[in-house]
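**Student:** Okay, handing you the structure first.
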Amino acid sequence: MAEKMLKIELVKSTIGAVPKHKLTVAALGLKKLHSTVTLPDNAATRGMIQQVGYLLKVEEA
């Protein structure tokens with residue numbers, strides 16, 4: 001069975017965000033506005049998304 005994946009896009013700038021949230025966005029692999037990454041749907045990824053969800057757009061890939 002294939003693991004579920006999430007497509008994550010940075011839709012809001014990290015300028016003015018909490019420094020910890022900037023680091024979380026970087027840990028997700030997002031560098032520039034509208035950049036996209038595909039990551040596995042697991043507890044660690046979901047936790048990071050929950051923390052900085054206001055900056056992201058998430059959909060199942």
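Chain labels follow the order of the structure tokens: the first chain is A, the next B, and so on; residue numbering restarts at 1 in every chain, and ligands are counted from 1 in their shown order.
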So that I can check the secondary structure, give me every residue of chain A assigned strand (DSSP E) by backbone DSSP, as a list in words.
**Tutor:**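 Strand (DSSP E) assignments inside chain A correspond to Met5, Leu6, Lys7, Ile8, Glu9, Leu10, Thr36, Val37, Thr38, Leu39, Pro40, Leu56, Lys57, Val58, Glu59 and Glu60 of chain A.
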**Student:** Those residues you just picked out, can you put them in a file as a compact mmCIF listing (two decimals), in the first residue's frame with all heavy atoms?
**Tutor:**
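The result, written out as part-v2.txt:
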```txt
# COMPACT_ATOMS: atom_id res chain seq x y z
N MET A 5 0.46 11.13 0.48
CA MET A 5 1.35 12.27 0.38
C MET A 5 0.51 13.55 0.46
O MET A 5 -0.66 13.57 0.10
CB MET A 5 2.12 12.24 -0.94
CG MET A 5 2.98 11.00 -1.12
SD MET A 5 4.31 10.87 0.07
CE MET A 5 5.50 11.97 -0.66
N LEU A 6 1.15 14.63 0.92
CA LEU A 6 0.52 15.94 1.00
C LEU A 6 1.29 16.92 0.12
O LEU A 6 2.52 16.95 0.15
CB LEU A 6 0.52 16.46 2.44
CG LEU A 6 -0.29 15.67 3.45
CD1 LEU A 6 -0.05 16.21 4.85
CD2 LEU A 6 -1.76 15.73 3.12
N LYS A 7 0.57 17.72 -0.63
CA LYS A 7 1.17 18.78 -1.44
C LYS A 7 0.98 20.07 -0.65
O LYS A 7 -0.14 20.47 -0.35
CB LYS A 7 0.47 18.86 -2.79
CG LYS A 7 1.06 19.84 -3.74
CD LYS A 7 0.33 19.79 -5.07
CE LYS A 7 0.79 20.90 -5.98
NZ LYS A 7 -0.01 20.93 -7.22
N ILE A 8 2.09 20.71 -0.30
CA ILE A 8 2.07 21.88 0.57
C ILE A 8 2.65 23.07 -0.18
O ILE A 8 3.74 22.99 -0.74
CB ILE A 8 2.89 21.63 1.85
CG1 ILE A 8 2.38 20.37 2.56
CG2 ILE A 8 2.83 22.83 2.77
CD1 ILE A 8 3.31 19.86 3.61
N GLU A 9 1.90 24.20 -0.19
CA GLU A 9 2.35 25.40 -0.89
C GLU A 9 2.37 26.57 0.09
O GLU A 9 1.45 26.74 0.89
CB GLU A 9 1.40 25.73 -2.04
CG GLU A 9 1.79 26.97 -2.82
CD GLU A 9 0.83 27.30 -3.94
OE1 GLU A 9 -0.15 26.57 -4.14
OE2 GLU A 9 1.07 28.32 -4.62
N LEU A 10 3.43 27.37 0.03
CA LEU A 10 3.55 28.58 0.85
C LEU A 10 2.79 29.70 0.14
O LEU A 10 3.19 30.13 -0.94
CB LEU A 10 5.02 28.95 1.05
CG LEU A 10 5.31 30.14 1.94
CD1 LEU A 10 4.84 29.88 3.37
CD2 LEU A 10 6.79 30.47 1.93
N THR A 36 6.33 24.86 -3.70
CA THR A 36 5.53 23.69 -3.36
C THR A 36 6.44 22.51 -3.05
O THR A 36 7.46 22.32 -3.71
CB THR A 36 4.62 23.32 -4.55
OG1 THR A 36 3.83 24.46 -4.88
CG2 THR A 36 3.70 22.17 -4.20
N VAL A 37 6.06 21.72 -2.05
CA VAL A 37 6.76 20.48 -1.73
C VAL A 37 5.72 19.38 -1.54
O VAL A 37 4.57 19.65 -1.21
CB VAL A 37 7.63 20.60 -0.46
CG1 VAL A 37 8.77 21.56 -0.66
CG2 VAL A 37 6.81 21.00 0.74
N THR A 38 6.15 18.15 -1.75
CA THR A 38 5.31 16.99 -1.50
C THR A 38 5.97 16.19 -0.39
O THR A 38 7.10 15.75 -0.52
CB THR A 38 5.17 16.14 -2.78
OG1 THR A 38 4.65 16.97 -3.82
CG2 THR A 38 4.22 14.98 -2.55
N LEU A 39 5.24 16.02 0.71
CA LEU A 39 5.77 15.34 1.88
C LEU A 39 4.83 14.22 2.30
O LEU A 39 3.63 14.27 2.02
CB LEU A 39 5.93 16.33 3.04
CG LEU A 39 6.92 17.47 2.83
CD1 LEU A 39 6.85 18.45 3.99
CD2 LEU A 39 8.33 16.93 2.71
N PRO A 40 5.35 13.20 3.00
CA PRO A 40 4.48 12.12 3.47
C PRO A 40 3.49 12.61 4.53
O PRO A 40 3.80 13.52 5.30
CB PRO A 40 5.46 11.10 4.06
CG PRO A 40 6.69 11.86 4.35
CD PRO A 40 6.74 12.98 3.36
N LEU A 56 -0.01 28.42 4.82
CA LEU A 56 0.07 27.34 3.83
C LEU A 56 -1.26 27.03 3.18
O LEU A 56 -2.32 27.34 3.70
CB LEU A 56 0.55 26.06 4.53
CG LEU A 56 1.83 26.13 5.35
CD1 LEU A 56 2.03 24.81 6.06
CD2 LEU A 56 3.01 26.47 4.48
N LYS A 57 -1.14 26.35 2.02
CA LYS A 57 -2.28 25.70 1.39
C LYS A 57 -1.90 24.23 1.27
O LYS A 57 -0.85 23.90 0.74
CB LYS A 57 -2.56 26.29 0.00
CG LYS A 57 -3.75 25.64 -0.70
CD LYS A 57 -4.09 26.33 -1.99
CE LYS A 57 -3.21 25.78 -3.09
NZ LYS A 57 -3.57 26.25 -4.43
N VAL A 58 -2.75 23.34 1.79
CA VAL A 58 -2.43 21.91 1.84
C VAL A 58 -3.51 21.14 1.11
O VAL A 58 -4.71 21.40 1.29
CB VAL A 58 -2.34 21.41 3.30
CG1 VAL A 58 -2.00 19.94 3.34
CG2 VAL A 58 -1.34 22.23 4.09
N GLU A 59 -3.08 20.18 0.27
CA GLU A 59 -4.02 19.28 -0.39
C GLU A 59 -3.38 17.91 -0.53
O GLU A 59 -2.16 17.79 -0.50
CB GLU A 59 -4.45 19.81 -1.76
CG GLU A 59 -3.31 20.12 -2.70
CD GLU A 59 -3.77 20.85 -3.95
OE1 GLU A 59 -4.55 21.81 -3.83
OE2 GLU A 59 -3.32 20.45 -5.03
N GLU A 60 -4.20 16.89 -0.62
CA GLU A 60 -3.67 15.53 -0.78
C GLU A 60 -3.17 15.35 -2.20
O GLU A 60 -3.82 15.76 -3.16
CB GLU A 60 -4.75 14.50 -0.44
CG GLU A 60 -5.08 14.46 1.02
CD GLU A 60 -6.00 13.32 1.37
OE1 GLU A 60 -6.13 12.37 0.58
OE2 GLU A 60 -6.60 13.38 2.45
```
**Student:** What does the distance between atom CA of A:Lys32 and atom CA of A:Ala44 come to in Å, to one decimal place?
**Tutor:** 21.8 Å
**Student:** Between A:Lys31, A:Leu55, A:Asn42, A:Ile49, which residue has the minimum interatomic distance to A:Val11, considering only C-alpha atoms?
**Tutor:**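 So, comparing all the options, the nearest one is A:Leu55.
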**Student:** Looking only at the backbone, which of the residues in chain A does DSSP tag as alpha helix (DSSP H), as a PyMOL selection string?
**Tutor:** chain A and resi 19-27+43-52
**Student:** Pick out the residues sitting within 9 Å of A:Val25, and hand them over as a list in words; count only C-alpha atoms, and ignore anything fewer than 2 positions along from it in its own chain.
**Tutor:**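 Residues near the query, excluding close chain neighbours: Leu10, Thr14, Lys20, His21, Lys22, Leu23, Ala27, Leu28, Gly29, Leu30, Lys31, Met48, Ile49, Val52 and Leu55 of chain A.
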**Student:** Atoms to include: C-alpha atoms. Write the selected residues as a CSV table (one decimal), in the first residue's frame.
**Tutor:**
```
chain,number,residue,atom,x,y,z
A,10,LEU,CA,3.5,28.6,0.9
A,14,THR,CA,6.9,34.8,6.5
A,20,LYS,CA,9.8,29.9,15.4
A,21,HIS,CA,7.2,29.7,12.6
A,22,LYS,CA,9.8,30.9,10.0
A,23,LEU,CA,12.0,28.0,11.1
A,27,ALA,CA,12.0,22.8,7.9
A,28,LEU,CA,9.1,21.9,5.6
A,29,GLY,CA,11.4,22.8,2.7
A,30,LEU,CA,9.6,25.9,1.6
A,31,LYS,CA,11.9,28.8,0.7
A,48,MET,CA,4.2,21.3,11.5
A,49,ILE,CA,1.3,22.1,9.2
A,52,VAL,CA,2.0,27.3,10.5
A,55,LEU,CA,0.8,30.5,5.9
```
**Student:** Quote the spacing between atom CA of A:Leu33 and atom CA of A:Lys12 in Å to one decimal place.
**Tutor:**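 Between these atoms lies a distance of 6.7 Å.
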**Student:** Give me, please, the distance in Å between atom CA of A:Ala26 and atom CA of A:Lys4, quoted to one decimal.
**Tutor:** 21.8 Å
